[in-house]
file final.cif (mmCIF, C-alpha atoms)
data_data
#
loop_
_atom_site.label_atom_id
_atom_site.label_comp_id
_atom_site.auth_asym_id
_atom_site.auth_seq_id
_atom_site.Cartn_x
_atom_site.Cartn_y
_atom_site.Cartn_z
CA MET P 1 -43.36 35.26 65.13
CA ARG P 2 -43.42 31.51 65.81
CA LEU P 3 -45.53 30.92 62.70
CA VAL P 4 -43.33 32.82 60.27
CA SER P 5 -40.23 31.14 61.70
CA LEU P 6 -41.66 27.66 61.16
CA PHE P 7 -42.79 28.76 57.72
CA ALA P 8 -39.16 29.64 57.02
CA LEU P 9 -37.31 26.76 58.63
CA ILE P 10 -39.12 24.02 56.68
CA ALA P 11 -37.30 25.10 53.50
CA ALA P 12 -34.20 22.99 53.93
CA LEU P 13 -36.33 19.97 54.86
CA VAL P 14 -39.01 20.35 52.15
CA ALA P 15 -36.82 20.91 49.11
CA GLY P 16 -36.36 17.59 47.37
CA LYS P 17 -33.84 16.68 44.70
CA ALA P 18 -31.66 18.13 41.94
CA ALA P 19 -27.88 18.61 41.68
CA ALA P 20 -25.03 16.96 39.73
CA VAL P 21 -24.23 13.81 41.74
CA GLU P 22 -25.49 10.30 40.96
CA GLY P 23 -28.36 10.33 38.47
CA GLY P 24 -28.05 14.09 38.01
CA LEU P 25 -29.98 14.46 41.29
CA GLY P 26 -29.25 15.45 44.86
CA ARG P 27 -30.90 16.71 48.03
CA SER P 28 -31.22 20.46 47.35
CA ILE P 29 -33.20 22.20 44.61
CA THR P 30 -31.74 25.41 43.20
CA GLY P 31 -33.32 28.46 44.84
CA LEU P 32 -35.67 26.72 47.30
CA GLN P 33 -33.59 26.60 50.49
CA ALA P 34 -34.31 30.22 51.59
CA THR P 35 -37.80 31.17 52.72
CA ASN P 36 -39.19 34.10 54.66
CA TYR P 37 -37.47 34.68 58.03
CA SER P 38 -35.11 31.71 57.66
CA GLY P 39 -32.72 33.45 60.07
CA VAL P 40 -35.32 33.79 62.85
CA VAL P 41 -35.92 31.31 65.69
CA PRO P 42 -38.69 32.90 67.80
CA PRO P 43 -38.83 33.14 71.61
CA ASP P 44 -42.39 31.75 71.88
CA PRO P 45 -42.27 28.06 72.98
CA GLY P 46 -44.60 25.38 71.63
CA TRP P 47 -45.50 23.17 68.67
CA SER P 48 -46.39 24.14 65.10
CA LEU P 49 -47.22 22.28 61.89
CA ALA P 50 -46.55 23.15 58.27
CA PHE P 51 -47.41 21.64 54.89
CA GLY P 52 -45.14 21.86 51.87
CA TYR P 53 -45.18 20.96 48.18
CA ALA P 54 -42.14 21.02 45.90
CA TYR P 55 -42.23 20.30 42.16
CA TYR P 56 -39.35 19.83 39.80
CA SER P 57 -39.29 18.83 36.14
CA GLY P 58 -35.93 18.75 34.37
CA GLU P 59 -33.81 17.01 31.78
CA ILE P 60 -30.27 16.35 30.64
CA GLY P 61 -29.86 16.27 26.85
CA ALA P 62 -29.31 12.98 25.02
CA GLU P 63 -25.83 14.15 24.02
CA ARG P 64 -24.70 13.96 27.68
CA GLU P 65 -23.81 10.73 29.46
CA LEU P 66 -24.47 10.41 33.18
CA PRO P 67 -24.31 7.77 35.95
CA ILE P 68 -27.60 6.41 37.33
CA SER P 69 -28.39 3.29 39.38
CA GLY P 70 -24.88 1.95 38.85
CA VAL P 71 -24.93 2.17 35.03
CA SER P 72 -24.48 4.84 32.33
CA ALA P 73 -27.27 6.65 30.52
CA LEU P 74 -27.42 8.99 27.56
CA GLY P 75 -29.70 11.81 28.61
CA MET P 76 -32.53 11.72 31.13
CA ASP P 77 -35.80 13.50 31.90
CA ALA P 78 -37.37 13.40 35.33
CA THR P 79 -40.34 14.84 37.22
CA PHE P 80 -40.69 14.96 41.01
CA ASP P 81 -43.63 15.85 43.26
CA LEU P 82 -42.78 16.04 46.95
CA PHE P 83 -45.49 16.51 49.60
CA SER P 84 -44.40 17.02 53.20
CA LEU P 85 -45.64 17.50 56.75
CA THR P 86 -43.26 19.27 59.14
CA GLY P 87 -43.49 19.52 62.90
CA MET P 88 -41.43 22.03 64.89
CA TYR P 89 -41.00 22.50 68.62
CA VAL P 90 -39.58 25.77 69.94
CA TRP P 91 -37.90 25.26 73.29
CA ASP P 92 -38.81 27.43 76.27
CA THR P 93 -35.62 29.50 76.52
CA GLY P 94 -37.18 32.90 77.17
CA GLU P 95 -36.66 36.14 75.27
CA GLY P 96 -32.87 36.36 75.37
CA ARG P 97 -30.59 36.65 72.36
CA TRP P 98 -30.53 32.86 71.83
CA ASN P 99 -33.54 30.66 71.05
CA PHE P 100 -33.68 27.00 70.03
CA ALA P 101 -35.98 24.68 68.07
CA SER P 102 -36.15 21.09 66.77
CA MET P 103 -37.86 19.86 63.61
CA VAL P 104 -38.82 16.74 61.68
CA THR P 105 -40.29 16.33 58.18
CA VAL P 106 -42.17 13.34 56.76
CA PRO P 107 -42.32 13.52 52.92
CA VAL P 108 -44.19 11.54 50.26
CA ALA P 109 -42.92 11.52 46.68
CA ASN P 110 -44.03 10.88 43.10
CA VAL P 111 -41.09 10.14 40.79
CA ASP P 112 -41.16 9.71 36.99
CA VAL P 113 -37.89 9.05 35.13
CA GLY P 114 -36.97 8.25 31.54
CA ALA P 115 -33.46 7.55 30.22
CA ASP P 116 -31.51 5.75 27.49
CA LEU P 117 -29.44 3.17 29.37
CA ILE P 118 -26.09 1.90 28.11
CA LEU P 119 -25.54 -1.79 28.96
CA GLY P 120 -22.28 -2.81 27.30
CA PRO P 121 -22.88 -2.67 23.53
CA ILE P 122 -26.65 -2.35 24.05
CA GLN P 123 -28.60 0.92 24.41
CA ARG P 124 -32.27 0.89 25.32
CA SER P 125 -34.88 3.41 26.44
CA VAL P 126 -36.39 2.86 29.88
CA ASP P 127 -39.24 4.65 31.67
CA ASP P 128 -39.99 4.13 35.34
CA SER P 129 -42.39 5.63 37.92
CA VAL P 130 -43.26 5.39 41.60
CA HIS P 131 -46.17 7.31 43.14
CA GLY P 132 -47.27 7.97 46.70
CA LYS P 133 -44.17 6.48 48.36
CA LEU P 134 -42.43 7.62 51.54
CA TYR P 135 -39.38 9.69 50.63
CA ASP P 136 -36.26 10.16 52.79
CA MET P 137 -37.28 11.73 56.11
CA SER P 138 -35.41 14.82 57.30
CA PHE P 139 -34.82 16.32 60.71
CA ALA P 140 -32.93 19.10 62.45
CA PRO P 141 -32.09 18.09 66.04
CA VAL P 142 -31.20 21.66 67.00
CA VAL P 143 -31.86 24.96 65.22
CA ALA P 144 -30.11 27.73 67.15
CA GLY P 145 -31.19 31.31 66.54
CA TYR P 146 -29.35 34.47 67.57
CA HIS P 147 -30.95 37.94 67.62
CA PHE P 148 -28.46 40.77 67.06
CA ASP P 149 -31.37 43.20 67.49
CA GLU P 150 -34.99 43.51 66.30
CA THR P 151 -33.99 43.71 62.63
CA ARG P 152 -30.99 41.35 62.31
CA HIS P 153 -31.25 37.62 62.99
CA LEU P 154 -29.06 34.54 62.43
CA SER P 155 -29.82 30.82 62.66
CA LEU P 156 -27.51 27.78 62.68
CA SER P 157 -28.60 24.20 62.11
CA LEU P 158 -27.57 20.72 60.98
CA ASN P 159 -30.23 19.27 58.70
CA VAL P 160 -30.09 15.48 58.30
CA SER P 161 -31.74 13.42 55.55
CA ALA P 162 -32.09 9.72 56.42
CA PRO P 163 -32.48 6.98 53.75
CA THR P 164 -35.95 5.95 54.93
CA GLY P 165 -37.50 5.70 51.46
CA SER P 166 -37.49 2.46 49.48
CA TYR P 167 -34.57 1.94 47.09
CA ASP P 168 -33.98 -0.63 44.34
CA PRO P 169 -30.72 -0.34 42.36
CA ASP P 170 -32.44 -2.08 39.42
CA ARG P 171 -34.94 0.78 39.08
CA LEU P 172 -34.54 4.30 37.70
CA ALA P 173 -37.29 5.85 39.80
CA ASN P 174 -36.55 5.64 43.52
CA PRO P 175 -38.11 7.66 46.38
CA SER P 176 -34.75 7.65 48.17
CA LEU P 177 -31.12 8.69 47.65
CA ASN P 178 -30.10 5.51 49.54
CA ALA P 179 -27.58 7.62 51.46
CA TRP P 180 -27.41 9.87 54.52
CA VAL P 181 -27.11 13.58 53.71
CA TYR P 182 -25.80 16.02 56.36
CA THR P 183 -26.28 19.75 55.70
CA PRO P 184 -24.74 22.33 58.06
CA THR P 185 -26.69 25.52 57.37
CA VAL P 186 -26.38 29.23 58.17
CA ALA P 187 -29.28 31.63 57.58
CA TYR P 188 -29.43 35.41 57.98
CA THR P 189 -32.50 37.68 57.94
CA GLN P 190 -32.36 41.49 57.70
CA LEU P 191 -35.52 43.59 58.14
CA ALA P 192 -36.08 47.20 57.06
CA GLN P 193 -38.91 49.71 56.56
CA LYS P 194 -40.54 48.80 59.89
CA GLY P 195 -40.31 45.10 59.08
CA SER P 196 -42.13 45.28 55.76
CA LEU P 197 -38.98 44.75 53.68
CA GLU P 198 -37.10 41.49 54.23
CA TRP P 199 -33.84 40.15 52.87
CA THR P 200 -32.95 36.56 53.75
CA THR P 201 -29.98 34.46 52.64
CA VAL P 202 -29.31 30.78 53.42
CA ALA P 203 -26.04 28.92 52.79
CA GLY P 204 -25.36 25.22 53.33
CA ILE P 205 -23.25 22.28 52.18
CA ASP P 206 -24.69 18.80 51.49
CA PHE P 207 -22.36 15.97 52.55
CA SER P 208 -23.50 12.53 51.38
CA SER P 209 -22.56 9.06 52.58
CA TRP P 210 -21.88 6.13 50.22
CA ASN P 211 -24.67 4.47 48.26
CA HIS P 212 -23.39 0.95 48.90
CA ASP P 213 -25.83 -0.65 46.45
CA THR P 214 -24.15 1.17 43.55
CA ASP P 215 -20.72 1.79 45.13
CA TYR P 216 -21.15 5.54 44.54
CA ARG P 217 -20.74 8.59 46.77
CA SER P 218 -21.98 11.99 45.65
CA GLY P 219 -19.53 14.86 46.25
CA ALA P 220 -20.18 17.78 48.60
CA ILE P 221 -22.51 20.45 47.21
CA LEU P 222 -22.53 24.13 48.22
CA HIS P 223 -25.83 25.97 47.82
CA VAL P 224 -26.58 29.64 48.48
CA ASP P 225 -30.14 30.96 48.19
CA SER P 226 -31.59 34.42 48.76
CA LEU P 227 -34.87 36.31 48.61
CA LEU P 228 -36.07 39.90 48.85
CA VAL P 229 -39.75 40.45 49.73
CA LYS P 230 -41.84 43.59 50.27
CA SER P 231 -44.97 43.06 52.39
CA PHE P 232 -48.05 45.30 52.44
CA SER P 233 -50.79 46.10 54.97
CA SER P 234 -53.15 43.68 53.17
CA GLY P 235 -50.94 40.78 54.27
CA TRP P 236 -49.69 40.06 50.75
CA GLY P 237 -46.05 40.33 49.75
CA ILE P 238 -44.15 40.17 46.46
CA GLY P 239 -40.49 39.84 45.61
CA GLY P 240 -37.80 37.79 43.97
CA SER P 241 -35.75 34.72 44.88
CA GLY P 242 -32.65 33.09 43.49
CA GLY P 243 -30.17 30.33 44.10
CA TRP P 244 -26.72 29.01 43.23
CA ILE P 245 -25.58 25.39 43.43
CA GLU P 246 -21.91 24.46 43.03
CA GLN P 247 -20.50 20.99 43.56
CA ILE P 248 -17.20 21.52 45.39
CA GLU P 249 -16.04 17.90 45.57
CA ASP P 250 -15.82 15.11 42.98
CA ASP P 251 -18.16 12.15 43.13
CA SER P 252 -16.44 8.92 44.22
CA GLY P 253 -16.54 5.38 42.85
CA ALA P 254 -15.51 3.52 39.70
CA LEU P 255 -18.39 4.93 37.66
CA ALA P 256 -17.73 8.47 38.91
CA ASP P 257 -14.09 8.17 37.84
CA ARG P 258 -15.25 7.48 34.28
CA PHE P 259 -17.03 10.85 34.32
CA ASP P 260 -14.05 12.76 35.77
CA GLY P 261 -15.85 13.35 39.08
CA PHE P 262 -19.12 14.49 37.48
CA ARG P 263 -19.17 17.91 39.16
CA GLY P 264 -22.14 20.14 38.37
CA SER P 265 -23.50 23.63 39.00
CA ALA P 266 -26.58 25.77 38.34
CA LEU P 267 -28.18 29.18 38.87
CA ALA P 268 -31.90 30.02 39.21
CA LEU P 269 -34.04 33.16 39.45
CA GLY P 270 -37.76 33.77 39.80
CA PRO P 271 -40.65 35.59 41.53
CA ILE P 272 -42.16 34.86 44.94
CA VAL P 273 -45.59 35.70 46.44
CA THR P 274 -46.39 35.54 50.16
CA PHE P 275 -49.39 36.07 52.45
CA GLN P 276 -49.88 36.21 56.21
CA GLY P 277 -53.15 36.86 58.01
CA LYS P 278 -55.92 35.58 60.27
CA TRP P 279 -58.44 32.83 59.51
CA ALA P 280 -61.04 31.43 61.92
CA GLY P 281 -59.10 32.79 64.88
CA SER P 282 -55.80 31.27 63.72
CA THR P 283 -52.78 32.78 62.02
CA VAL P 284 -52.05 31.45 58.54
CA ALA P 285 -49.13 31.99 56.16
CA PHE P 286 -48.63 31.06 52.51
CA SER P 287 -45.79 31.30 50.03
CA ALA P 288 -45.39 30.33 46.37
CA ARG P 289 -42.39 30.67 44.08
CA TRP P 290 -41.34 29.64 40.60
CA LEU P 291 -37.78 29.74 39.32
CA ARG P 292 -35.99 29.13 36.04
CA GLU P 293 -32.60 27.41 36.09
CA PHE P 294 -29.82 28.59 33.77
CA ASP P 295 -26.06 28.19 33.27
CA VAL P 296 -26.53 24.51 34.21
CA LYS P 297 -23.62 22.06 33.99
CA ARG P 298 -23.73 18.28 34.48
CA ARG P 299 -27.13 18.13 36.12
CA LEU P 300 -30.82 18.31 35.35
CA GLU P 301 -32.10 21.66 34.09
CA GLY P 302 -35.69 22.68 34.77
CA ASP P 303 -38.18 24.93 36.58
CA PRO P 304 -38.33 24.48 40.38
CA LEU P 305 -41.58 25.38 42.14
CA MET P 306 -42.43 25.36 45.83
CA VAL P 307 -45.61 26.10 47.81
CA THR P 308 -45.71 26.16 51.62
CA ALA P 309 -48.55 26.82 54.05
CA SER P 310 -48.58 27.06 57.85
CA ILE P 311 -51.21 27.50 60.52
CA THR P 312 -50.89 28.23 64.25
CA PHE P 313 -53.92 27.59 66.44
#

call {"tool": "encode", "arguments": {"input": "final.cif", "output": "structure tokens"}}
result
Amino acid sequence: MRLVSLFALIAALVAGKAAAVEGGLGRSITGLQATNYSGVVPPDPGWSLAFGYAYYSGEIGAERELPISGVSALGMDATFDLFSLTGMYVWDTGEGRWNFASMVTVPVANVDVGADLILGPIQRSVDDSVHGKLYDMSFAPVVAGYHFDETRHLSLSLNVSAPTGSYDPDRLANPSLNAWVYTPTVAYTQLAQKGSLEWTTVAGIDFSSWNHDTDYRSGAILHVDSLLVKSFSSGWGIGGSGGWIEQIEDDSGALADRFDGFRGSALALGPIVTFQGKWAGSTVAFSARWLREFDVKRRLEGDPLMVTASITF
């Protein structure tokens, strides 16, 4: 139980970037915030480790103007690779209805960006890349889990992204949002068919602080993600996942005002494959999903992908 809970809780900390906001990017990727058993905080105390990889490649057409690094651009294409190591500690609170955990994630990012910048009367194409750089670290001081019964579980958390990555306002590719992001999150997990059928839904809102280097603050973003997975006696599971992102607050700043708040939204759907079993005396878990975004407005549009793997010794 502790393994699958860690495997689930890293979702909000692993998922990297992509919403309307400054540069057409944000903290949450459409459809990647919910993973297996996101609503479960287990009663077993101790430490666990998990590895994650998130990939996103998207673009905004050249007919659309957007704000990035304090200037305007006509269209943009971007690719992100985010590798992460997550540590979780489950507190020793016994087997009551409430259990608690704390988590921290250290990510490393590759970022490739191309855009046509507008500098007064001049327009020029710019490509920029950074590879193998520390991205913004994330942590959840407290993840509180409540067990209604053996099949219904709820978790509450505040996920925090700190601007620990390097940031240069004169560059397009930056392994940082250069802002704090606070995400209150609610997750619910429902089990059926003796635990082999799982439905999990996660909802959260990203609240960003000001990027003082560009005098820009990204508006609040609501994201709701869900998955349905059927597991088999072999340890493998298959199902579907989806997500919805809706910016519920205008961006702020002089450049944002030019774009009428630059609110964006997106939907995504795709398949998911999972596995849980034993290896060399340890319990291992694996998950992979691919989604396709659609009905996208004022943000990058692409194909999110995420792979996570956990092991408990």

call {"tool": "atom_distance", "arguments": {"input": "final.cif", "atom1": "CA of Trp290 (chain P)", "atom2": "CA of Thr86 (chain P)"}}
result
21.3 Å

call {"tool": "atom_distance", "arguments": {"input": "final.cif", "atom1": "CA of Asp92 (chain P)", "atom2": "CA of Ile205 (chain P)"}}
result
29.1 Å

call {"tool": "resolve_selection", "arguments": {"input": "final.cif", "expression": "the PyMOL selection byres ((chain P and resi 184) around 6)", "output": "ChimeraX atom specification"}}
result
/P:157-158,183,185,204

call {"tool": "atom_distance", "arguments": {"input": "final.cif", "atom1": "CA of Arg152 (chain P)", "atom2": "CA of Tyr188 (chain P)"}}
result
7.5 Å

call {"tool": "resolve_selection", "arguments": {"input": "final.cif", "expression": "the PyMOL selection byres ((chain P and resi 79) around 10)", "output": "ChimeraX atom specification"}}
result
/P:55-59,77-78,80-81,110-114,129,173,302

call {"tool": "resolve_selection", "arguments": {"input": "final.cif", "expression": "the PyMOL selection byres ((chain P and resi 230-236) around 12)", "output": "VMD selection string"}}
result
chain P and resid 36 191 to 200 227 to 229 237 to 240 271 to 278 283 to 288
